[in-house]
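Trainee: What follows is the file entry-v6.txt, containing compact mmCIF, C-alpha atoms and all ligand atoms:
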# COMPACT_ATOMS: atom_id res chain seq x y z
CA MET K 102 -2.22 6.29 13.93
CA SER K 103 -0.33 9.47 14.62
CA GLY K 104 -0.88 11.10 11.22
CA PRO K 105 1.57 11.25 8.35
CA ASP K 106 5.23 12.05 8.62
CA VAL K 107 6.08 15.24 6.78
CA MET K 108 9.07 17.10 5.40
CA TYR K 109 9.17 20.80 4.54
CA PRO K 110 11.32 22.53 1.89
CA GLU K 111 13.32 24.56 4.39
CA GLU K 112 14.43 21.61 6.51
CA GLN K 113 14.87 19.43 3.45
CA GLN K 114 17.30 21.97 2.05
CA ALA K 115 19.14 22.21 5.33
CA MET K 116 19.38 18.40 5.53
CA SER K 117 20.71 18.22 1.98
CA LEU K 118 23.37 20.71 2.96
CA VAL K 119 24.32 18.66 6.00
CA CYS K 120 24.59 15.60 3.73
CA ALA K 121 26.75 17.50 1.25
CA ARG K 122 29.06 18.75 3.96
CA LEU K 123 29.33 15.30 5.50
CA THR K 124 30.25 13.86 2.11
CA ARG K 125 33.05 16.40 1.84
CA ASP K 126 34.30 16.31 5.42
CA ALA K 127 34.30 12.51 5.61
CA ASN K 128 35.80 12.09 2.14
CA ALA K 129 32.80 9.87 1.41
CA LYS K 130 31.47 8.67 -1.94
CA ALA K 131 27.88 9.37 -1.04
CA VAL K 132 25.59 10.11 1.89
CA LEU K 133 21.91 9.21 2.14
CA LEU K 134 19.34 10.20 4.72
CA ILE K 135 16.44 7.75 4.89
CA GLY K 136 13.22 7.63 6.89
CA ARG K 137 12.89 4.68 9.27
CA ASP K 138 10.27 3.19 6.98
CA GLY K 139 12.61 3.38 4.01
CA GLN K 140 11.67 6.62 2.27
CA PRO K 141 14.60 8.54 0.80
CA ILE K 142 14.80 12.03 2.39
CA ALA K 143 18.06 13.63 1.27
CA GLU K 144 21.24 12.63 -0.51
CA ALA K 145 24.61 13.96 -1.58
CA GLY K 146 27.71 12.86 -3.45
CA ASP K 147 27.95 10.25 -6.16
CA VAL K 148 24.38 9.00 -6.26
CA ASP K 149 23.80 8.96 -10.01
CA GLU K 150 24.46 5.28 -10.56
CA LEU K 151 22.96 4.32 -7.21
CA ASP K 152 19.46 2.85 -7.03
CA VAL K 153 18.50 5.08 -4.10
CA THR K 154 14.97 3.67 -3.73
CA SER K 155 16.16 0.07 -3.45
CA LEU K 156 19.08 0.98 -1.25
CA SER K 157 16.76 2.88 1.08
CA SER K 158 14.24 0.09 1.49
CA LEU K 159 16.92 -2.56 2.02
CA THR K 160 18.76 -0.39 4.55
CA ALA K 161 15.53 0.23 6.44
CA GLY K 162 14.87 -3.53 6.40
CA ASN K 163 18.38 -4.17 7.65
CA VAL K 164 18.00 -1.65 10.47
CA ALA K 165 14.62 -3.12 11.38
CA ALA K 166 16.13 -6.61 11.48
CA THR K 167 19.06 -5.60 13.70
CA GLY K 168 16.61 -3.65 15.84
CA GLY K 169 14.67 -6.90 16.24
CA ILE K 170 17.87 -8.71 17.19
CA SER K 171 18.73 -6.03 19.76
CA LYS K 172 15.31 -6.51 21.35
CA ILE K 173 15.88 -10.23 21.70
CA LEU K 174 19.20 -9.47 23.37
CA ARG K 175 17.46 -6.89 25.56
CA GLU K 176 19.86 -4.36 24.20
CA LYS K 177 18.92 -0.83 23.13
CA ASP K 178 18.79 -0.26 19.36
CA PHE K 179 22.27 -0.79 17.94
CA PHE K 180 23.45 2.73 17.37
CA SER K 181 25.54 2.04 14.32
CA GLN K 182 26.51 -0.64 11.85
CA PHE K 183 29.47 -1.03 9.57
CA HIS K 184 29.71 -3.29 6.55
CA GLU K 185 33.07 -3.77 4.95
CA GLY K 186 33.22 -4.47 1.25
CA GLU K 187 36.15 -5.06 -1.04
CA LYS K 188 36.06 -1.53 -2.40
CA THR K 189 33.06 0.20 -0.89
CA HIS K 190 32.17 0.26 2.78
CA ILE K 191 28.94 1.34 4.33
CA HIS K 192 28.34 2.99 7.68
CA ILE K 193 24.78 3.17 9.01
CA THR K 194 23.59 5.15 12.03
CA LEU K 195 20.25 5.95 13.56
CA VAL K 196 19.43 9.63 13.76
CA GLY K 197 17.41 10.38 16.87
CA GLY K 198 15.38 7.20 16.40
CA ARG K 199 13.67 8.88 13.44
CA ALA K 200 15.89 8.41 10.45
CA ILE K 201 18.86 6.49 9.13
CA LEU K 202 22.08 8.10 7.97
CA VAL K 203 24.08 6.08 5.44
CA VAL K 204 27.64 6.88 4.43
CA LEU K 205 29.28 5.07 1.52
CA PHE K 206 33.07 5.36 1.42
CA ASP K 207 36.21 3.75 0.01
CA GLU K 208 39.96 3.70 0.65
CA ARG K 209 40.15 7.47 0.37
CA SER K 210 38.54 7.65 3.80
CA SER K 211 38.51 5.58 6.97
CA LEU K 212 36.01 4.27 9.47
CA GLY K 213 37.45 6.53 12.16
CA LEU K 214 37.01 9.67 10.10
CA VAL K 215 33.50 8.68 9.03
CA ARG K 216 32.47 7.99 12.64
CA LEU K 217 33.82 11.32 13.78
CA ARG K 218 32.05 13.35 11.09
CA VAL K 219 28.79 11.41 11.35
CA LYS K 220 28.44 12.32 15.00
CA LYS K 221 28.37 16.04 14.31
CA SER K 222 26.07 15.76 11.30
CA SER K 223 23.63 13.55 13.08
CA ASP K 224 23.30 16.06 15.94
CA GLU K 225 22.40 18.69 13.37
CA MET K 226 19.91 16.35 11.71
CA VAL K 227 18.22 15.72 15.06
CA ARG K 228 17.73 19.46 15.51
CA LEU K 229 16.25 19.74 12.02
CA PHE K 230 13.85 16.84 12.66
CA ASP K 231 12.78 18.57 15.87
CA SER K 232 12.00 21.66 13.88
CA VAL K 233 9.95 19.65 11.36
CA ALA K 234 8.02 18.01 14.19
CA LYS K 235 7.27 21.39 15.75
CA LYS K 236 6.02 22.82 12.48
CA ALA K 237 3.88 19.77 11.81
CA ALA K 238 2.35 19.98 15.29
CA ALA K 239 1.59 23.66 14.79
CA LYS K 240 0.26 22.95 11.29
CA SER K 241 1.93 26.15 10.22
CA GLU K 242 1.69 25.09 6.58
CA PRO K 243 -1.68 24.11 5.12
CA SER K 244 -1.88 20.40 4.41
CA ILE K 245 -2.54 19.46 0.80
CA LEU K 246 -4.52 16.51 2.07
CA THR K 247 -7.51 18.58 3.05
CA GLU K 248 -7.85 19.76 -0.55
CA ILE K 249 -8.03 16.28 -2.05
CA THR K 250 -11.48 15.43 -3.37
CA ASP K 251 -13.10 12.08 -4.10
CA SER K 252 -12.78 12.74 -7.81
CA ASP K 253 -9.04 13.46 -7.43
CA ILE K 254 -8.67 10.00 -5.95
CA ASP K 255 -10.92 8.40 -8.58
CA ASN K 256 -9.04 10.12 -11.39
CA LEU K 257 -5.80 8.58 -10.22
CA PHE K 258 -7.21 5.16 -11.06
CA ASN K 259 -8.96 5.93 -14.31
CA ASP K 260 -6.70 4.44 -16.86
CA MET O 187 3.30 5.67 8.21
CA SER O 188 2.67 7.75 5.13
CA PHE O 189 5.27 10.38 4.42
CA ILE O 190 4.44 13.69 2.78
CA ASN O 191 7.38 15.57 1.36
CA TYR O 192 6.43 19.20 0.65
CA SER O 193 9.84 19.77 -0.83
CA SER O 194 9.90 17.08 -3.52
CA ARG O 195 6.07 17.18 -3.60
CA GLU O 196 5.55 13.49 -2.97
CA ILE O 197 3.18 11.38 -0.95
CA ASN O 198 4.68 8.01 0.07
CA CYS O 199 2.53 5.17 1.38
CA LYS O 200 3.33 1.64 2.46
CA LEU O 201 1.13 -1.31 1.51
CA VAL O 202 1.67 -4.81 2.89
CA TYR O 203 0.49 -8.09 1.34
CA TYR O 204 -0.15 -10.56 4.15
CA GLY O 205 -1.35 -14.16 4.12
CA PRO O 206 -0.35 -17.80 4.67
CA GLY O 207 2.64 -19.43 3.01
CA LEU O 208 2.24 -20.05 -0.75
CA CYS O 209 -1.05 -18.12 -0.99
CA GLY O 210 0.33 -15.99 -3.83
CA LYS O 211 1.59 -12.72 -2.30
CA THR O 212 4.82 -12.65 -4.27
CA THR O 213 2.92 -13.65 -7.42
CA ASN O 214 0.70 -10.55 -6.99
CA LEU O 215 3.80 -8.34 -7.00
CA HIS O 216 5.33 -10.15 -9.97
CA TYR O 217 2.18 -9.55 -11.97
CA ILE O 218 2.00 -5.87 -11.00
CA TYR O 219 5.66 -5.47 -11.89
CA ALA O 220 5.19 -7.14 -15.28
CA LYS O 221 2.18 -5.01 -16.21
CA THR O 222 3.43 -1.60 -15.09
CA SER O 223 5.22 0.72 -17.49
CA PRO O 224 8.93 1.20 -16.78
CA ASP O 225 8.58 4.87 -15.81
CA ALA O 226 6.03 4.03 -13.11
CA LYS O 227 8.02 1.40 -11.27
CA GLY O 228 11.36 0.89 -9.62
CA LYS O 229 13.29 -2.34 -9.23
CA MET O 230 11.53 -5.23 -7.57
CA ILE O 231 13.56 -6.68 -4.74
CA SER O 232 12.96 -10.21 -3.45
CA LEU O 233 14.76 -11.49 -0.41
CA ALA O 234 13.95 -15.15 -0.93
CA THR O 235 15.21 -18.64 -0.18
CA GLU O 236 16.72 -20.90 -2.85
CA THR O 237 13.25 -22.35 -3.33
CA GLU O 238 11.66 -18.96 -4.04
CA ARG O 239 9.93 -18.70 -0.68
CA THR O 240 9.99 -15.19 0.74
CA LEU O 241 12.67 -15.02 3.43
CA PHE O 242 12.31 -11.43 4.60
CA PHE O 243 10.25 -9.39 2.14
CA ASP O 244 9.56 -8.47 -1.47
CA PHE O 245 9.59 -4.78 -2.28
CA LEU O 246 8.16 -2.96 -5.30
CA PRO O 247 7.99 0.84 -5.53
CA LEU O 248 5.18 2.17 -7.76
CA SER O 249 4.13 5.63 -8.87
CA LEU O 250 0.41 5.94 -9.40
CA GLY O 251 0.27 9.45 -10.83
CA GLU O 252 -0.29 12.91 -9.39
CA ILE O 253 -2.86 14.40 -7.07
CA ARG O 254 -2.92 18.19 -6.86
CA GLY O 255 0.66 18.40 -8.05
CA PHE O 256 1.89 15.75 -5.62
CA LYS O 257 3.33 12.49 -6.94
CA THR O 258 1.80 9.48 -5.23
CA ARG O 259 4.28 6.72 -4.52
CA PHE O 260 3.24 3.38 -3.13
CA HIS O 261 5.77 1.01 -1.62
CA LEU O 262 4.45 -2.54 -1.91
CA TYR O 263 5.80 -5.16 0.49
CA THR O 264 5.01 -8.82 0.98
CA VAL O 265 5.66 -10.70 4.21
CA PRO O 266 7.05 -14.23 4.42
CA GLY O 267 4.02 -16.44 5.00
CA GLN O 268 5.75 -19.42 6.60
CA VAL O 269 4.75 -19.63 10.25
CA PHE O 270 8.26 -19.54 11.72
CA TYR O 271 9.12 -16.18 10.12
CA ASP O 272 6.85 -14.34 12.53
CA ALA O 273 9.52 -11.95 13.83
CA SER O 274 10.14 -10.74 10.29
CA ARG O 275 6.43 -10.26 9.61
CA LYS O 276 6.17 -7.99 12.63
CA LEU O 277 9.01 -5.81 11.37
CA ILE O 278 7.47 -5.41 7.94
CA LEU O 279 4.18 -4.20 9.41
CA LYS O 280 5.97 -1.21 10.95
CA GLY O 281 4.69 2.00 9.43
CA VAL O 282 2.05 0.24 7.31
CA ASP O 283 -0.70 2.36 5.73
CA GLY O 284 -2.81 -0.35 4.13
CA VAL O 285 -3.05 -4.14 4.27
CA ILE O 286 -4.08 -6.71 1.67
CA PHE O 287 -4.92 -10.10 3.13
CA VAL O 288 -4.34 -12.70 0.44
CA ALA O 289 -6.29 -15.86 1.22
CA ASP O 290 -5.58 -19.19 -0.45
CA SER O 291 -8.96 -20.39 -1.71
CA GLN O 292 -8.01 -24.07 -1.61
CA ILE O 293 -10.20 -25.86 0.89
CA GLU O 294 -7.16 -27.56 2.44
CA ARG O 295 -5.69 -24.14 3.25
CA MET O 296 -8.65 -22.91 5.30
CA GLU O 297 -6.90 -23.53 8.63
CA ALA O 298 -3.75 -21.79 7.38
CA ASN O 299 -5.83 -18.78 6.29
CA ILE O 300 -7.50 -18.50 9.68
CA GLU O 301 -4.22 -18.80 11.50
CA SER O 302 -2.60 -16.16 9.30
CA LEU O 303 -5.49 -13.73 9.75
CA ASP O 304 -5.31 -14.14 13.55
CA ASN O 305 -1.59 -13.60 13.33
CA LEU O 306 -2.13 -10.41 11.31
CA ARG O 307 -4.53 -9.03 13.90
CA LEU O 308 -2.15 -9.76 16.76
CA ASN O 309 0.93 -8.43 15.01
CA LEU O 310 -0.89 -5.22 14.15
CA ILE O 311 -1.91 -4.77 17.77
CA ASP O 312 1.75 -5.26 18.66
CA GLN O 313 2.59 -2.28 16.44
CA GLY O 314 -0.25 -0.20 17.83
CA TYR O 315 -2.71 -0.70 14.96
CA ASP O 316 -6.26 -2.00 14.82
CA LEU O 317 -7.16 -4.01 11.71
CA ASN O 318 -10.72 -2.70 11.89
CA LYS O 319 -9.48 0.88 11.52
CA LEU O 320 -6.77 0.36 8.95
CA PRO O 321 -7.36 0.55 5.17
CA TYR O 322 -7.83 -3.13 4.47
CA VAL O 323 -8.97 -5.40 1.63
CA VAL O 324 -9.29 -9.15 1.26
CA GLN O 325 -8.25 -11.08 -1.83
CA TYR O 326 -9.44 -14.65 -2.41
CA ASN O 327 -6.66 -15.98 -4.57
CA LYS O 328 -6.34 -19.20 -6.60
CA ARG O 329 -9.97 -19.11 -7.68
CA ASP O 330 -8.88 -21.06 -10.77
CA LEU O 331 -8.18 -24.25 -8.83
CA PRO O 332 -10.77 -27.06 -8.78
CA ASN O 333 -10.39 -27.50 -5.03
CA ALA O 334 -11.26 -23.84 -4.30
CA ALA O 335 -13.74 -23.50 -1.45
CA PRO O 336 -17.09 -21.84 -2.25
CA MET O 337 -17.03 -18.04 -1.89
CA GLU O 338 -19.78 -17.95 0.76
CA GLN O 339 -17.72 -20.13 3.05
CA LEU O 340 -14.53 -18.08 2.60
CA ARG O 341 -16.39 -14.83 3.11
CA GLU O 342 -18.04 -15.99 6.29
CA VAL O 343 -14.83 -17.21 7.88
CA LEU O 344 -12.26 -14.76 6.56
CA ASN O 345 -14.13 -11.50 6.17
CA PRO O 346 -16.60 -11.08 9.02
CA THR O 347 -16.14 -7.29 8.97
CA LYS O 348 -17.09 -7.13 5.28
CA ALA O 349 -13.99 -5.33 4.10
CA PRO O 350 -13.80 -4.79 0.31
CA GLU O 351 -13.06 -8.19 -1.22
CA PHE O 352 -11.87 -9.52 -4.56
CA GLU O 353 -11.63 -12.89 -6.26
CA ALA O 354 -8.30 -13.38 -7.95
CA CYS O 355 -5.98 -15.61 -9.85
CA ALA O 356 -2.59 -14.00 -9.36
CA THR O 357 -0.86 -16.22 -11.94
CA SER O 358 -3.13 -14.94 -14.73
CA GLY O 359 -3.52 -11.52 -13.06
CA ALA O 360 -7.29 -11.60 -12.69
CA GLY O 361 -8.31 -9.37 -9.79
CA VAL O 362 -4.74 -8.28 -8.99
CA PHE O 363 -5.08 -4.63 -10.02
CA ASP O 364 -8.63 -4.35 -8.66
CA THR O 365 -7.27 -5.37 -5.28
CA LEU O 366 -4.38 -2.91 -5.45
CA LYS O 367 -6.54 -0.01 -6.57
CA ALA O 368 -9.09 -0.61 -3.83
CA VAL O 369 -6.52 -0.53 -1.06
CA ALA O 370 -4.63 2.42 -2.53
CA LYS O 371 -7.85 4.37 -2.78
CA SER O 372 -8.76 3.53 0.76
CA VAL O 373 -5.31 4.65 1.99
CA LEU O 374 -5.64 8.04 0.28
CA THR O 375 -9.17 8.49 1.59
CA GLU O 376 -8.02 7.65 5.11
CA LEU O 377 -5.05 10.01 4.80
CA ARG O 378 -7.39 12.85 3.97
CA ARG O 379 -9.82 11.92 6.72
CA GLY O 380 -7.02 11.74 9.28
CA GLN O 381 -6.18 15.41 8.76
N1 LIG J 1 -3.17 -22.02 -9.63
C1 LIG J 1 -2.73 -20.90 -9.05
N2 LIG J 1 -1.51 -20.87 -8.54
C2 LIG J 1 -1.08 -19.72 -7.95
C3 LIG J 1 -1.91 -18.56 -7.88
N3 LIG J 1 -1.23 -17.60 -7.25
C4 LIG J 1 -0.01 -18.10 -6.94
N4 LIG J 1 0.08 -19.39 -7.37
C5 LIG J 1 1.25 -20.30 -7.21
O1 LIG J 1 1.45 -20.58 -5.84
C6 LIG J 1 2.84 -20.74 -5.55
C7 LIG J 1 3.26 -19.83 -4.41
O2 LIG J 1 3.12 -18.48 -4.79
P1 LIG J 1 3.94 -17.29 -4.08
O3 LIG J 1 3.46 -16.02 -4.69
O4 LIG J 1 5.39 -17.56 -4.09
O5 LIG J 1 3.41 -17.44 -2.58
P2 LIG J 1 3.73 -16.51 -1.33
O6 LIG J 1 2.42 -16.15 -0.72
O7 LIG J 1 4.61 -15.38 -1.72
O8 LIG J 1 4.50 -17.54 -0.38
P3 LIG J 1 5.56 -17.20 0.81
O9 LIG J 1 6.62 -16.34 0.21
O10 LIG J 1 6.11 -18.51 1.29
O11 LIG J 1 4.79 -16.52 1.89
C8 LIG J 1 3.57 -20.44 -6.86
O12 LIG J 1 3.90 -21.64 -7.46
C9 LIG J 1 2.54 -19.67 -7.68
O13 LIG J 1 2.73 -19.85 -9.05
C10 LIG J 1 -3.24 -18.65 -8.44
O14 LIG J 1 -4.03 -17.71 -8.42
N5 LIG J 1 -3.59 -19.86 -9.00
MG MG J 2 6.43 -14.76 -1.10
Translate the structure described by the file into structure tokens.
Mentor:
Amino acid sequence: MSGPDVMYPEEQQAMSLVCARLTRDANAKAVLLIGRDGQPIAEAGDVDELDVTSLSSLTAGNVAATGGISKILREKDFFSQFHEGEKTHIHITLVGGRAILVVLFDERSSLGLVRLRVKKSSDEMVRLFDSVAKKAAAKSEPSILTEITDSDIDNLFND
Amino acid sequence: MSFINYSSREINCKLVYYGPGLCGKTTNLHYIYAKTSPDAKGKMISLATETERTLFFDFLPLSLGEIRGFKTRFHLYTVPGQVFYDASRKLILKGVDGVIFVADSQIERMEANIESLDNLRLNLIDQGYDLNKLPYVVQYNKRDLPNAAPMEQLREVLNPTKAPEFEACATSGAGVFDTLKAVAKSVLTELRRGQ
């Protein structure tokens, strides 16, 4: 194993800002950034009535499944997916192979506009993920994991 | 792969329930869902066939409490046990932090258990993991049935490495939380060790 994935406050904040700007620029309802394994990372827009956890795990499953299909077709990972609903549409892209960017939009926007804005945002996200990876490699922040004791772990299960 | 978010102060881990078709993986999750307080769980998602067989996966997010100010979140997944869903099983193992092998104790299912365990080993290797190094527990389910094989026999065949093991009856819930706690504990211990 290559150790845990991490996220730091500085990059998280920057990613949230990128999501917020994308929501605005693309006239989207909501934007979600999700780890490849389905963990929610950042979000913006109208997410209050969204079940972000479920949406994240299903999207990650969906991306994994299409990734599996692309392998069978000897195709590289499909770069993006678009699902058209009656009212809400969903646009899904891979961000540097590390994360998934989801844009939810309706008739106030268009697929063309979303595609255009996603490109720019995803480049920025890639840079931010690079910065996280560098920090993690340098271990510039102390890991909380080293402080965990056996009794911390035991206490979690004493109920 | 576990995910540590220093911003939201969360540790996320992924657990996968593996095992042959109808061994009781989904039933484990149903029981956990039913017995967990609403604030500690999210929605349970089941992508299943009309006949309630798992088609892609079940998913249940759980919060187990805090460690040193960090919320621990476990994402529980089950794989589809039917042999021909192998491509889907591989995908679900991606990024796994801990595995529960659910064996069906019924004597007639011995072959199916062995085949599924071999399949688990191979699929893990495919994803770059080694079952012997991964947090791993074995659950002998359906102990309530009259045709359950004796424990010694199951142990010998299905748990040669002597991983932590539990007898269970997922329909009544016996052994379900013991199994979950053991693997969750082992994942956290491994996470710390890996630092
Ligand atoms: N008697 C008994 N029945 C059980 C037990 N656990 C599960 N079952 C039953 O076995 C059947 C299959 O259980 P599932 O949980 O759907 O099996 P699964 O492993 O998810 O099966 P797949 O999704 O096909 O891989 C159901 O009818 C359960 O009620 C048990 O401990 N004892
Ligand atoms: Mg199932």
Trainee: Could you list, as a count of residues only, all the residues within 9 Å of ligand LIG 1 (chain J), counting all atoms listed in the file?
Mentor: 46
Trainee: Select all residues near (-4.6, 13.1, 6.0) (cut-off 12 Å, inclusive, file coordinates), counting all atoms listed in the file, and output them as JSON, numbers by chain.
Mentor: {"K": [102, 103, 104, 105, 106, 107, 243, 244, 245, 246, 247, 248, 249, 250], "O": [187, 188, 189, 190, 197, 199, 283, 372, 373, 374, 375, 376, 377, 378, 379, 380, 381]}
Trainee: Select, from O:Asn198, O:Ser223, O:Thr237, O:Asn318, the residue with the minimum atom-to-atom distance to ligand MG 2 (chain J), counting only C-alpha atoms and all ligand atoms.
Mentor: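 Result for the nearest residue to ligand MG 2 (chain J): O:Thr237.
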Trainee: Restrict the distance test to all atoms listed in the file, flag each residue of chain K within 10 Å of chain O, and return the flagged residues as an MDAnalysis selection string.
Mentor: chainID K and resid 102:114 136:142 152:155 158:159 161:166 168:170 242 244:251 253:258
Trainee: As a ChimeraX atom specification, please: the residues near Gly197 in chain K (cut-off 12 Å, only C-alpha atoms, same-chain neighbours under 4 positions excluded).
Mentor: /K:136-137,178,180-181,201-202,220,222-231
Trainee: Kindly give the distance, in Å, that separates CA of Ser252 in chain K and CA of Ile218 in chain O, rounded to a single decimal.
Mentor: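 Rounded to one decimal, the two atoms are 24.0 Å apart.
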Trainee: Report the distance between CA of Ser117 in chain K and CA of Val148 in chain K in Å, rounded to one decimal place.
Mentor: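 Computing it gives 12.9 Å between the two atoms.
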